[in-house]
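Remarks on the structure that follows.
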Protein chains: 2
Amino acid sequence: MKMGSFFMRASSALKRYPSSSNLLLLCTLSFSGGGVVAYSESRSETEHPIVDAGVVPKKKVVVLGTGWAGTSFLKDLDASRYDVQVVSPRNYFAFTPLLPSVTCGTVEARSIVEPVRTLIKKSKGEIKYWEAECVKIDAANRKVFCNSNINNLVGRGEFSLDYDFLVLAVGSQVNTFNTPGVKENCHFLKDIEDAKRIRLSITDCFEKAVLPSLSEEERRSNLHFVVVGGGPTGVEFAAELHDYVQEDLRNLYPAVKDLVKITLIQSGDHILNTFDQRISTFAEQKFTRDGEVCSVPHGLIVWSTGISTIPVIKDFMEQVGQGKRRVLATDEWLRVKGCKDVYAIGDCCTIDQRKIMDDISAIFAAADKNNSGTLTIEEFQDVMDDILLRYPQVELFLKKKHLLDFTSLWLDSQGNERKEIDIEGFKQALSHADSQMKSLPATAQVAAQQGTYLARCLNRMDQCEENPEGPRRFRGTGRHKFLPFRYKHFGQFAPLGGEQAAAELPGDWVSMGHSTQWLWYSVYASKQVSWRTRVLVISDWTRRFIFGRDSSRV
Amino acid sequence: MKMGSFFMRASSALKRYPSSSNLLLLCTLSFSGGGVVAYSESRSETEHPIVDAGVVPKKKVVVLGTGWAGTSFLKDLDASRYDVQVVSPRNYFAFTPLLPSVTCGTVEARSIVEPVRTLIKKSKGEIKYWEAECVKIDAANRKVFCNSNINNLVGRGEFSLDYDFLVLAVGSQVNTFNTPGVKENCHFLKDIEDAKRIRLSITDCFEKAVLPSLSEEERRSNLHFVVVGGGPTGVEFAAELHDYVQEDLRNLYPAVKDLVKITLIQSGDHILNTFDQRISTFAEQKFTRDGEVCSVPHGLIVWSTGISTIPVIKDFMEQVGQGKRRVLATDEWLRVKGCKDVYAIGDCCTIDQRKIMDDISAIFAAADKNNSGTLTIEEFQDVMDDILLRYPQVELFLKKKHLLDFTSLWLDSQGNERKEIDIEGFKQALSHADSQMKSLPATAQVAAQQGTYLARCLNRMDQCEENPEGPRRFRGTGRHKFLPFRYKHFGQFAPLGGEQAAAELPGDWVSMGHSTQWLWYSVYASKQVSWRTRVLVISDWTRRFIFGRDSSRV
């Protein structure tokens, strides 16, 4: 808070400019001097590591991306241990869950972003940030090649950075499923720019529709808003737009208020089908359903049908032998498979959980201390903890079958108890565990948790080198250095418009209706990245309640 | 204030959608029904006037532009008397004095705009607004041809409107003085879009300058900000930018903080030379002055060197025989010279004050009741009031010479008093009056006063037809219908950065320093067009004091 600094500023203002009285045709404010020093400094930092005599240079960590994953990684990383450089084409972090609200001006774009430089300022210059896009990763030579998007200014925009550890947090792109015309005619809703474009387009649709030169059919089609994709983003946008129309636009454009139509198209059976069944049913009841086919003309289409891998990652996957895969794969420690010291977090990757059946014999051998060829209950329980850590699907499997006590494993098909189990029994007992494996959703929550997890790992690199905390290695000896990443689901929201929302809460709870909307408000306010955005978002909500939304084309 | 309406909304939300349970692949929110009615309504309103049996159709007033002039006209016009249609390419009014603040994020763009539709909502649909640009005025046929800028939607964007009265409030464009390269390489600062572009460019300059791939020269040139034009806008922008750098950017970009330079180029002798001499001197003392020539490379140029006529007005001037003029001329009643029922207000025109010497004989003849060929003091005083109304320069002339009593007119060169004056004496007495004529500055204040004046004239059209309120016609008989427009100068501000401002106050007062900055804050807050913008602007100022300005590229 620099409230107090105002007076300081004010008083310093007089001193600020040396005064002089000779009249010339040119005035200059200038803060020159010391520039060279400052520059040679920044140069040395960026182009070769500072090597003090005797001191080992810090390891270089390069982070690509400043979304949920990248930002939470940076927030938790102990920047004093590494020489950290961040590259991202956007010089801000955006609180993406509120993007649908930005499209209708319920919240201002600027209220949900925080400049990266403000976030890293706390690191006292330990963390460097470059506004650029990574165009190529050279895994073999541990280099990334970057390119600035600012081309109207002097100076080469291309540069490369060496890394000891690379953190990929570049996110994903919208998946058009190669549908022709989508790129040209549809809006996406993945970042701030998209949301701002949509907001302008909504105003365009209404301003064009009321022009005296249009026929009614033309008015209708300009006011037909189509949303493709029944996921959270699509549904939230449809709901926001509906409120915008009902609460604000109807009054501002009375002549066409009855021509507005919003269509939500979903290829699956249900909208919000990633949510609890009860919520998706509730949501569907909120939306009228009819069988109309959407070949009708439209004013605006928003395309939000899932994500795909961005080119630079596709290219990187080729390099590390993942060319065949659809998504970049990491192991349970978020290390990219097929190369060293590269980590991936957030939407750009998926965790490739190891099947227990692939290791089953190794596990059995490791468990069978006395090489009797069979496991006693003690031997079994001895390895079980490590199994539960290393293969989380087993826990899900046991939970699901309510076998948290393993007794039933010790009954044969006839239900008679047995003293020991052989490899076959062991396999059989766990044979269905792998069916419980499921990949994590591409949500902010997962990305943030992965960022935090990875930061903590890097902070404790040396310490865990000495005394590893992970489960034992069934193939090979010793233990894994770290515990594998575990996702904790804290629930999710689906605002449904008209001050209604649905929430999936921890445990098996769901909550729906008006109260939930207030829960939504409070949770989203509390989750803001900084006090600045928190204050702005809340004041935006207040402003909307009092004055409604602003339809100016600004 | 629709604070209360929230609960209404919330409770109505449940009713809003009829629920149904059959599962289909398509969901639709729809507010159809009654569309045709609504449309035929709007059509009849727009394409031909409503003609009730026996009732004379309302006169059609077409207003071009929604800036200061147009908006203040609309605010004061009695919309029930006319069929009013407004055409403007921008669907909002912008509080332009705060544009320089928008370039640096001291105030958000959205905080200083008010949607036209909100402004005209009070008229209960009496006033229609079309978001389009007037591309051609057909004075002969009393038609304007308009064109929507929204081309990516269906429907013809071109339409024409008939008028009985046309109000030109289209403003002006930046004057490049045909300097090559200006259009391509310079930023202007005339509207919201300009200000937003400048804000992004400032961030670009800093983000590019810190990239590791740049040489120091390149950094320096990217951080050299050049302002061309020492008028209020240019100086205010330079001051705002200086504060932005000093208070925020230095901390966010420490590596290059000492390379920043702001250069203000002015072709006249002094900056702010439209202001009181004391202020322009004070301002110059606030800026260091040096003789450096600005052929140096730069990151950003803002060009603000005065205004010129926009094409559609140029074309219109040809039609009404003003082709030779630089600016559209109106008479003292804001009627465009050379055509009927067309008024012009704001920056797009200038008042062509009639010279008293052109009418001097007619005035003398009118004054000389007894045709004695000479004027007695009674005869003279009898016409003087009308002269002062019709020829404001006379009042200025008398004020200046402290001749508010006309006695000295009645002294001959030897200082002997005379009983009567002949035409020669009369001419001689007023011969220098016309030298006091000066054209009004192109400011928001003038535009707003003209809009209000014109609205009041149109409101009292019939009433002043019967008993005219204007001065007598010296050529011809009777009186002028209205009093001519008179500008009242309420002073002006020049914020100078570092919480300093200069103010020119009514009378001969000037005020400078920190206290003035607070005067500036309070006046600008009070001048806001709506409570909404007032609240937003003040909260923006507060936000900046607490959190500083936001440098995100949003």
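Every chain in the structure tokens has a letter given in the order shown (A, B, ...), and although residue numbers restart at 1 in each chain, ligands are simply numbered from 1 in the order shown.
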When DSSP is applied to the backbone of this structure, which of segment 187-287 of chain B are assigned strand (DSSP E or B)? Write them out as a PyMOL selection string.
chain B and resi 187+224-228+261-265
With C-alpha atoms retained, could you export that selection as a compact mmCIF listing (two decimals), in the first residue's frame?
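Once everything was written out, this is selection-v3.txt:
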# COMPACT_ATOMS: atom_id res chain seq x y z
CA HIS B 187 0.05 8.25 -32.49
CA HIS B 224 12.69 7.77 -26.09
CA PHE B 225 9.16 9.18 -26.06
CA VAL B 226 8.55 12.16 -28.31
CA VAL B 227 5.57 14.49 -28.05
CA VAL B 228 5.00 16.89 -30.95
CA LYS B 261 13.66 10.08 -22.03
CA ILE B 262 10.64 12.20 -22.85
CA THR B 263 10.98 14.98 -25.43
CA LEU B 264 8.37 17.65 -26.03
CA ILE B 265 8.68 19.48 -29.34
Skipping near chain neighbours, those fewer than 5 positions away, what residues fall within 9 Å of segment 523-532 of chain A using only C-alpha atoms, listed as a ChimeraX atom specification?
/A:93,95,97-98,111-114,119,518,537-538 /B:543,546-547
Export, as a short mmCIF file (atom, residue, chain, number, x, y, z; two decimals), in the first residue's frame, the selected residues with N, CA and C atoms.
data_model
loop_
_atom_site.label_atom_id
_atom_site.label_comp_id
_atom_site.auth_asym_id
_atom_site.auth_seq_id
_atom_site.Cartn_x
_atom_site.Cartn_y
_atom_site.Cartn_z
N PHE A 93 -0.63 -12.28 -15.66
CA PHE A 93 -1.37 -13.49 -15.32
C PHE A 93 -2.86 -13.14 -15.35
N PHE A 95 -6.83 -14.30 -14.40
CA PHE A 95 -7.69 -15.17 -13.59
C PHE A 95 -8.79 -15.73 -14.49
N PRO A 97 -10.96 -18.16 -14.71
CA PRO A 97 -12.35 -18.53 -14.43
C PRO A 97 -13.34 -17.39 -14.62
N LEU A 98 -12.85 -16.15 -14.61
CA LEU A 98 -13.77 -15.02 -14.77
C LEU A 98 -13.83 -14.52 -16.22
N SER A 111 -9.37 -6.04 -14.42
CA SER A 111 -9.57 -6.39 -13.01
C SER A 111 -9.14 -7.81 -12.70
N ILE A 112 -8.97 -8.65 -13.73
CA ILE A 112 -8.63 -10.04 -13.45
C ILE A 112 -7.21 -10.37 -13.91
N VAL A 113 -6.43 -9.34 -14.23
CA VAL A 113 -5.04 -9.60 -14.62
C VAL A 113 -4.09 -8.96 -13.62
N GLU A 114 -2.93 -9.61 -13.47
CA GLU A 114 -1.88 -9.08 -12.61
C GLU A 114 -0.59 -9.09 -13.42
N LEU A 119 4.26 -9.52 -9.96
CA LEU A 119 4.33 -10.80 -9.24
C LEU A 119 5.78 -11.14 -8.88
N TRP A 518 -23.72 -16.98 -4.34
CA TRP A 518 -22.97 -16.17 -3.35
C TRP A 518 -21.72 -16.89 -2.92
N VAL A 537 -12.14 -6.66 -8.67
CA VAL A 537 -13.23 -7.58 -9.04
C VAL A 537 -14.47 -7.30 -8.21
N ILE A 538 -14.27 -7.12 -6.91
CA ILE A 538 -15.43 -6.86 -6.04
C ILE A 538 -16.08 -5.54 -6.41
N ARG B 543 -7.62 3.97 -6.69
CA ARG B 543 -6.90 2.74 -7.01
C ARG B 543 -5.44 3.05 -7.35
N ILE B 546 -3.38 3.82 -4.35
CA ILE B 546 -3.10 2.65 -3.50
C ILE B 546 -2.21 1.65 -4.22
N PHE B 547 -2.60 1.25 -5.44
CA PHE B 547 -1.92 0.14 -6.11
C PHE B 547 -1.00 0.58 -7.23
#
Residues near segment 192-200 of chain A, anyone? I mean within 6 Å using only C-alpha atoms, not counting same-chain ones fewer than 6 positions away, as an NGL selection string.
:A and (102-104 or 553)
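Look at Glu133 of chain A: the protein and nucleic acid residues within 6 Å of it, using only C-alpha atoms and passing over chain neighbours fewer than 6 places away, are Ser88, Pro89, Cys146 and Asn147 of chain A.
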Deliver the residues from the most recent selection as a file, using N, CA, C and O atoms, as a PDB file, in the first residue's frame.
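Here's the written file part-v8.pdb:
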ATOM      1  N   SER A  88       7.148 -15.420 -21.618  1.00  0.00           N
ATOM      2  CA  SER A  88       5.728 -15.565 -21.931  1.00  0.00           C
ATOM      3  C   SER A  88       5.299 -14.438 -22.855  1.00  0.00           C
ATOM      4  O   SER A  88       5.732 -13.295 -22.679  1.00  0.00           O
ATOM      5  N   PRO A  89       4.468 -14.736 -23.868  1.00  0.00           N
ATOM      6  CA  PRO A  89       4.030 -13.669 -24.773  1.00  0.00           C
ATOM      7  C   PRO A  89       3.080 -12.686 -24.098  1.00  0.00           C
ATOM      8  O   PRO A  89       2.874 -11.596 -24.601  1.00  0.00           O
ATOM      9  N   CYS A 146      13.537 -17.910 -28.441  1.00  0.00           N
ATOM     10  CA  CYS A 146      12.374 -17.076 -28.193  1.00  0.00           C
ATOM     11  C   CYS A 146      12.302 -15.949 -29.211  1.00  0.00           C
ATOM     12  O   CYS A 146      13.284 -15.605 -29.854  1.00  0.00           O
ATOM     13  N   ASN A 147      11.125 -15.383 -29.333  1.00  0.00           N
ATOM     14  CA  ASN A 147      10.887 -14.351 -30.328  1.00  0.00           C
ATOM     15  C   ASN A 147       9.872 -13.363 -29.779  1.00  0.00           C
ATOM     16  O   ASN A 147       8.792 -13.758 -29.356  1.00  0.00           O
TER      17      ASN A 147
END
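Residues surrounding Ile351 of chain B within 12 Å are Val327, Leu328, Ala329, Thr330, Asp331, Glu332, Trp333, Leu334, Arg335, Val336, Lys337, Tyr343, Ala344, Ile345, Met437, Lys438, Ser439, Leu440, Pro441, Ala442, Val446, Ala447, Gln450, Pro484, Phe485, Arg486 and Tyr487 of chain B [only C-alpha atoms; sequence separation below 6 positions excluded].
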What residues in segment 352-450 of chain A get the DSSP label alpha helix (DSSP H)? Please answer as a PyMOL selection string.
chain A and resi 356-367+377-390+392-400+423-430+444-450
Using only C-alpha atoms, determine which residues lie at most 12 Å from Phe364 of chain A, disregarding the query and same-chain residues fewer than 4 positions distant; provide the list as a VMD selection string.
chain A and resid 356 to 360 368 to 376 379 to 384 387 421 to 427 430 474 to 475
Hey, can you spit out that residue selection with C-alpha atoms as a compact mmCIF listing (two decimals), in the first residue's frame?
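This went into out_36.txt:
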# COMPACT_ATOMS: atom_id res chain seq x y z
CA ILE A 356 0.71 -51.56 -11.63
CA MET A 357 0.32 -54.66 -13.79
CA ASP A 358 3.47 -53.66 -15.72
CA ASP A 359 5.45 -53.91 -12.48
CA ILE A 360 3.48 -56.62 -10.78
CA ASP A 368 8.75 -61.73 -1.22
CA LYS A 369 11.67 -61.15 1.17
CA ASN A 370 12.29 -64.82 1.91
CA ASN A 371 11.94 -65.75 -1.77
CA SER A 372 9.34 -68.33 -0.76
CA GLY A 373 7.42 -67.66 -3.98
CA THR A 374 4.47 -66.63 -1.86
CA LEU A 375 3.59 -63.56 0.22
CA THR A 376 2.55 -63.67 3.83
CA GLU A 379 5.15 -59.19 3.57
CA PHE A 380 2.13 -57.94 1.67
CA GLN A 381 1.29 -55.14 4.08
CA ASP A 382 4.97 -54.22 4.16
CA VAL A 383 4.88 -53.17 0.48
CA MET A 384 1.30 -51.94 0.43
CA ILE A 387 2.19 -49.42 -3.68
CA ILE A 421 -0.90 -65.74 -1.77
CA ASP A 422 1.21 -66.65 -4.76
CA ILE A 423 2.01 -64.40 -7.73
CA GLU A 424 -1.22 -65.42 -9.46
CA GLY A 425 -3.37 -64.52 -6.49
CA PHE A 426 -1.44 -61.29 -6.14
CA LYS A 427 -1.96 -60.40 -9.81
CA LEU A 430 -4.83 -56.15 -8.29
CA PHE A 474 10.34 -51.84 -7.06
CA ARG A 475 12.51 -52.00 -10.17
Within 10 Å of Met461 of chain B, counting only C-alpha atoms, which residues qualify if same-chain residues fewer than 5 places away don't, as an NGL selection string?
:B and (455-456 or 466 or 468 or 481-482)
Export of prior selection with N, CA, C and O atoms as a JSON list (two decimals), in the first residue's frame:
[["chain", "number", "residue", "atom", "x", "y", "z"],
["B", 455, "ALA", "N", -29.76, 23.91, -28.41],
["B", 455, "ALA", "CA", -30.91, 23.16, -27.91],
["B", 455, "ALA", "C", -31.98, 24.12, -27.41],
["B", 455, "ALA", "O", -33.16, 23.99, -27.74],
["B", 456, "ARG", "N", -31.56, 25.14, -26.66],
["B", 456, "ARG", "CA", -32.54, 26.09, -26.11],
["B", 456, "ARG", "C", -33.22, 26.84, -27.23],
["B", 456, "ARG", "O", -34.43, 27.09, -27.18],
["B", 466, "GLU", "N", -42.94, 34.39, -32.36],
["B", 466, "GLU", "CA", -43.91, 35.44, -32.04],
["B", 466, "GLU", "C", -43.22, 36.66, -31.41],
["B", 466, "GLU", "O", -43.31, 37.76, -31.92],
["B", 468, "PRO", "N", -39.67, 37.83, -30.73],
["B", 468, "PRO", "CA", -38.24, 37.63, -30.83],
["B", 468, "PRO", "C", -37.49, 38.31, -29.69],
["B", 468, "PRO", "O", -37.93, 39.32, -29.17],
["B", 481, "LYS", "N", -34.54, 36.68, -34.16],
["B", 481, "LYS", "CA", -35.39, 35.79, -33.37],
["B", 481, "LYS", "C", -34.73, 35.49, -32.02],
["B", 481, "LYS", "O", -35.36, 35.57, -30.97],
["B", 482, "PHE", "N", -33.44, 35.15, -32.05],
["B", 482, "PHE", "CA", -32.74, 34.77, -30.82],
["B", 482, "PHE", "C", -31.59, 35.72, -30.54],
["B", 482, "PHE", "O", -31.10, 36.41, -31.44]]
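We find atom CA of Ala366 of chain B and atom CA of Gln393 of chain B to be spaced 19.9 Å apart.
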